[in-house]
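Novice: To be precise about what I am sending: the file is called data.pdb and holds PDB, C-alpha atoms.
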MODEL        1
ATOM      1  CA  MET A  13     -40.532-129.316  -9.691
ATOM      2  CA  LEU A  14     -42.190-131.809 -12.070
ATOM      3  CA  LYS A  15     -38.879-133.635 -12.463
ATOM      4  CA  ASN A  16     -38.553-133.991  -8.670
ATOM      5  CA  TYR A  17     -42.125-135.268  -8.400
ATOM      6  CA  LEU A  18     -41.610-137.815 -11.178
ATOM      7  CA  SER A  19     -38.410-138.991  -9.512
ATOM      8  CA  TYR A  20     -40.260-139.339  -6.212
ATOM      9  CA  LEU A  21     -43.070-141.303  -7.898
ATOM     10  CA  TYR A  22     -40.584-143.618  -9.589
ATOM     11  CA  ASN A  23     -38.714-144.300  -6.349
ATOM     12  CA  GLN A  24     -41.938-145.000  -4.467
ATOM     13  CA  THR A  25     -43.081-147.380  -7.206
ATOM     14  CA  VAL A  26     -39.786-149.265  -7.120
ATOM     15  CA  LYS A  27     -39.968-149.510  -3.335
ATOM     16  CA  SER A  28     -43.545-150.817  -3.241
ATOM     17  CA  SER A  29     -43.136-153.194  -6.190
ATOM     18  CA  GLY A  30     -39.945-154.569  -4.654
ATOM     19  CA  SER A  31     -41.762-155.247  -1.398
ATOM     20  CA  ALA A  32     -44.529-157.028  -3.322
ATOM     21  CA  VAL A  33     -42.037-159.277  -5.128
ATOM     22  CA  TYR A  34     -40.087-160.039  -1.955
ATOM     23  CA  SER A  35     -43.277-161.047  -0.145
ATOM     24  CA  LEU A  36     -43.956-163.735  -2.770
ATOM     25  CA  LEU A  37     -40.621-165.493  -2.307
ATOM     26  CA  GLU A  38     -40.566-168.601  -0.139
ATOM     27  CA  GLY A  39     -37.539-170.004   1.603
ATOM     28  CA  ASN A  40     -35.837-172.978  -0.037
ATOM     29  CA  LYS A  41     -32.081-173.396   0.271
ATOM     30  CA  ASN A  42     -32.062-175.838  -2.669
ATOM     31  CA  ALA A  43     -34.083-173.671  -5.054
ATOM     32  CA  ILE A  44     -32.552-172.821  -8.412
ATOM     33  CA  LEU A  45     -33.366-169.206  -9.275
ATOM     34  CA  LEU A  46     -33.478-167.512 -12.678
ATOM     35  CA  ASP A  47     -33.561-163.727 -12.766
ATOM     36  CA  CYS A  48     -34.663-162.596 -16.236
ATOM     37  CA  GLY A  49     -32.970-159.313 -17.012
ATOM     38  CA  CYS A  50     -30.640-159.600 -14.038
ATOM     39  CA  TRP A  51     -28.695-156.413 -14.891
ATOM     40  CA  ASP A  52     -25.686-156.261 -12.534
ATOM     41  CA  GLY A  53     -26.898-159.080 -10.263
ATOM     42  CA  ALA A  54     -27.650-156.895  -7.225
ATOM     43  CA  ASN A  55     -31.341-157.785  -7.148
ATOM     44  CA  THR A  56     -30.544-161.385  -8.034
ATOM     45  CA  LYS A  57     -28.448-161.593  -4.881
ATOM     46  CA  LYS A  58     -31.290-160.027  -2.839
ATOM     47  CA  PHE A  59     -33.770-162.552  -4.232
ATOM     48  CA  GLY A  60     -31.371-165.385  -3.425
ATOM     49  CA  ASN A  61     -30.844-164.114   0.112
ATOM     50  CA  ILE A  62     -34.586-163.949   0.757
ATOM     51  CA  ILE A  63     -35.083-167.461  -0.603
ATOM     52  CA  GLY A  64     -31.946-168.704   1.140
ATOM     53  CA  THR A  65     -30.318-170.122  -1.966
ATOM     54  CA  ASN A  66     -26.961-169.664  -3.658
ATOM     55  CA  PHE A  67     -28.070-171.294  -6.925
ATOM     56  CA  LEU A  68     -28.373-168.024  -8.832
ATOM     57  CA  HIS A  69     -28.754-167.746 -12.591
ATOM     58  CA  GLY A  70     -29.479-164.730 -14.732
ATOM     59  CA  MET A  71     -30.188-163.702 -18.280
ATOM     60  CA  GLU A  72     -28.987-160.291 -19.408
ATOM     61  CA  ILE A  73     -28.674-158.673 -22.829
ATOM     62  CA  ASN A  74     -26.156-156.023 -21.719
ATOM     63  CA  LYS A  75     -22.688-157.621 -21.785
ATOM     64  CA  THR A  76     -21.105-155.086 -19.426
ATOM     65  CA  LYS A  77     -23.803-155.577 -16.785
ATOM     66  CA  ALA A  78     -23.699-159.359 -17.257
ATOM     67  CA  LYS A  79     -19.982-159.284 -16.406
ATOM     68  CA  GLU A  80     -20.777-157.356 -13.215
ATOM     69  CA  ALA A  81     -23.379-159.974 -12.256
ATOM     70  CA  LEU A  82     -20.836-162.743 -12.875
ATOM     71  CA  LYS A  83     -18.479-161.039 -10.419
ATOM     72  CA  LYS A  84     -21.274-161.194  -7.830
ATOM     73  CA  GLY A  85     -21.612-164.948  -8.228
ATOM     74  CA  VAL A  86     -24.556-165.059 -10.629
ATOM     75  CA  LYS A  87     -24.252-167.586 -13.472
ATOM     76  CA  VAL A  88     -25.245-165.328 -16.361
ATOM     77  CA  LYS A  89     -26.127-166.090 -19.943
ATOM     78  CA  ILE A  90     -26.146-163.186 -22.337
ATOM     79  CA  ALA A  91     -29.506-163.546 -24.020
ATOM     80  CA  ASP A  92     -32.553-161.698 -25.325
ATOM     81  CA  LEU A  93     -35.738-162.319 -23.340
ATOM     82  CA  ASN A  94     -37.707-162.049 -26.586
ATOM     83  CA  LYS A  95     -35.991-165.161 -27.928
ATOM     84  CA  GLU A  96     -35.981-168.800 -26.828
ATOM     85  CA  PHE A  97     -34.434-169.197 -23.390
ATOM     86  CA  PRO A  98     -31.053-170.995 -23.355
ATOM     87  CA  TYR A  99     -32.059-173.459 -20.611
ATOM     88  CA  LYS A 100     -33.719-176.856 -20.404
ATOM     89  CA  ASP A 101     -37.420-176.962 -19.539
ATOM     90  CA  ASN A 102     -38.246-177.330 -15.839
ATOM     91  CA  PHE A 103     -34.703-176.484 -14.741
ATOM     92  CA  PHE A 104     -35.672-173.632 -12.393
ATOM     93  CA  ASP A 105     -37.704-173.594  -9.210
ATOM     94  CA  VAL A 106     -38.101-169.799  -9.188
ATOM     95  CA  VAL A 107     -38.231-167.467 -12.202
ATOM     96  CA  ILE A 108     -38.342-163.718 -11.700
ATOM     97  CA  ALA A 109     -38.832-161.041 -14.362
ATOM     98  CA  TYR A 110     -38.652-157.834 -12.327
ATOM     99  CA  HIS A 111     -38.402-154.473 -14.070
ATOM    100  CA  VAL A 112     -37.907-155.876 -17.550
ATOM    101  CA  ILE A 113     -40.860-154.066 -19.183
ATOM    102  CA  GLU A 114     -40.680-150.335 -18.539
TER     103      GLU A 114
ENDMDL
END
How would this structure read if it were set down as structure tokens?
Specialist:
Amino acid sequence: MLKNYLSYLYNQTVKSSGSAVYSLLEGNKNAILLDCGCWDGANTKKFGNIIGTNFLHGMEINKTKAKEALKKGVKVKIADLNKEFPYKDNFFDVVIAYHVIE
């Protein structure tokens, strides 16, 4: 029973936090997006769709998941978010770090 309740709480938290993040995104078809910890790129694509941009970049430490994101059209760099980012300053219009500290 506790396991089911914890699962329910987690799912509700993900749902409400996702809605909060989505509500902050503004439309801009020319925006360049960086998704820190992009995992398999699924959320990166959602963020891009909401913004209206196809300029999608991601950083991911897991090589297998980074390859999946690449297949979805995300330009991924395998990198550790605790290290210096492998991009020039002021390159991105939107930077998202969603679900990277859990």
Novice: Which is closer to Asp105 in chain A than all the others in A:Asn16, A:Asn40, A:Thr25, A:Ser31, using only C-alpha atoms?
Specialist: A:Asn40
Novice: Taking (-33.6, -154.6, -11.4) in the coordinates of the supplied file, I want to know which residues reach to within 7 Å of it, counting only C-alpha atoms; could you give the answer as a list in words?
Specialist: Cys50, Trp51, Asn55, Tyr110 and His111 of chain A
Novice: Going by the chain IDs and residue numbers used in this file, which residues fall under the PyMOL selection byres ((chain A and resi 64-66) around 10)? Write them as an MDAnalysis selection string.
Specialist: chainID A and resid 37:45 57:63 67:69 85:86
Novice: The residues within 10 Å of (-22.2, -158.4, -10.5), using only C-alpha atoms and the coordinates of the file, should be reported as a PDB file with C-alpha atoms, in the frame of the given file; which are they?
Specialist:
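As a result, out_7.pdb now contains:
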ATOM      1  CA  CYS A  50     -30.640-159.600 -14.038  1.00  0.00           C
ATOM      2  CA  TRP A  51     -28.695-156.413 -14.891  1.00  0.00           C
ATOM      3  CA  ASP A  52     -25.686-156.261 -12.534  1.00  0.00           C
ATOM      4  CA  GLY A  53     -26.898-159.080 -10.263  1.00  0.00           C
ATOM      5  CA  ALA A  54     -27.650-156.895  -7.225  1.00  0.00           C
ATOM      6  CA  ASN A  55     -31.341-157.785  -7.148  1.00  0.00           C
ATOM      7  CA  THR A  56     -30.544-161.385  -8.034  1.00  0.00           C
ATOM      8  CA  LYS A  57     -28.448-161.593  -4.881  1.00  0.00           C
ATOM      9  CA  THR A  76     -21.105-155.086 -19.426  1.00  0.00           C
ATOM     10  CA  LYS A  77     -23.803-155.577 -16.785  1.00  0.00           C
ATOM     11  CA  ALA A  78     -23.699-159.359 -17.257  1.00  0.00           C
ATOM     12  CA  LYS A  79     -19.982-159.284 -16.406  1.00  0.00           C
ATOM     13  CA  GLU A  80     -20.777-157.356 -13.215  1.00  0.00           C
ATOM     14  CA  ALA A  81     -23.379-159.974 -12.256  1.00  0.00           C
ATOM     15  CA  LEU A  82     -20.836-162.743 -12.875  1.00  0.00           C
ATOM     16  CA  LYS A  83     -18.479-161.039 -10.419  1.00  0.00           C
ATOM     17  CA  LYS A  84     -21.274-161.194  -7.830  1.00  0.00           C
ATOM     18  CA  GLY A  85     -21.612-164.948  -8.228  1.00  0.00           C
ATOM     19  CA  VAL A  86     -24.556-165.059 -10.629  1.00  0.00           C
ATOM     20  CA  LYS A  87     -24.252-167.586 -13.472  1.00  0.00           C
ATOM     21  CA  VAL A  88     -25.245-165.328 -16.361  1.00  0.00           C
TER      22      VAL A  88
END
Novice: Between CA of Ile113 in chain A and CA of Pro98 in chain A, measure the distance and give it in Å to one decimal.
Specialist: 20.0 Å
Novice: Can you tell me how far CA of Val112 in chain A sits from CA of Ala91 in chain A, in Å to one decimal?
Specialist: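 So the two atoms, CA of Val112 in chain A and CA of Ala91 in chain A, lie 13.1 Å apart.
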Novice: If the box runs along x, y and z of the file and leaves 4 Å on each side of range 13-21 of chain A, what are its centre and edge lengths in Å, one decimal, as AutoDock Vina command-line options?
Specialist:
--center_x -40.7 --center_y -135.3 --center_z -9.3 --size_x 12.7 --size_y 20.0 --size_z 14.3
Novice: Report, in Å to a single decimal, how far apart CA of Asp47 in chain A and CA of Ile90 in chain A are.
Specialist: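 Interatomic distance here is 12.1 Å.
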Novice: Report as a compact mmCIF listing (two decimals) with C-alpha atoms, in the coordinates of the input all protein, DNA and RNA residues lying within 12 Å of Asn94 in chain A, evaluated on all atoms listed in the file, omitting residues in the same chain fewer than 6 positions from it.
Specialist:
# COMPACT_ATOMS: atom_id res chain seq x y z
CA CYS A 48 -34.66 -162.60 -16.24
CA GLY A 49 -32.97 -159.31 -17.01
CA MET A 71 -30.19 -163.70 -18.28
CA GLU A 72 -28.99 -160.29 -19.41
CA ILE A 73 -28.67 -158.67 -22.83
CA VAL A 112 -37.91 -155.88 -17.55
CA ILE A 113 -40.86 -154.07 -19.18
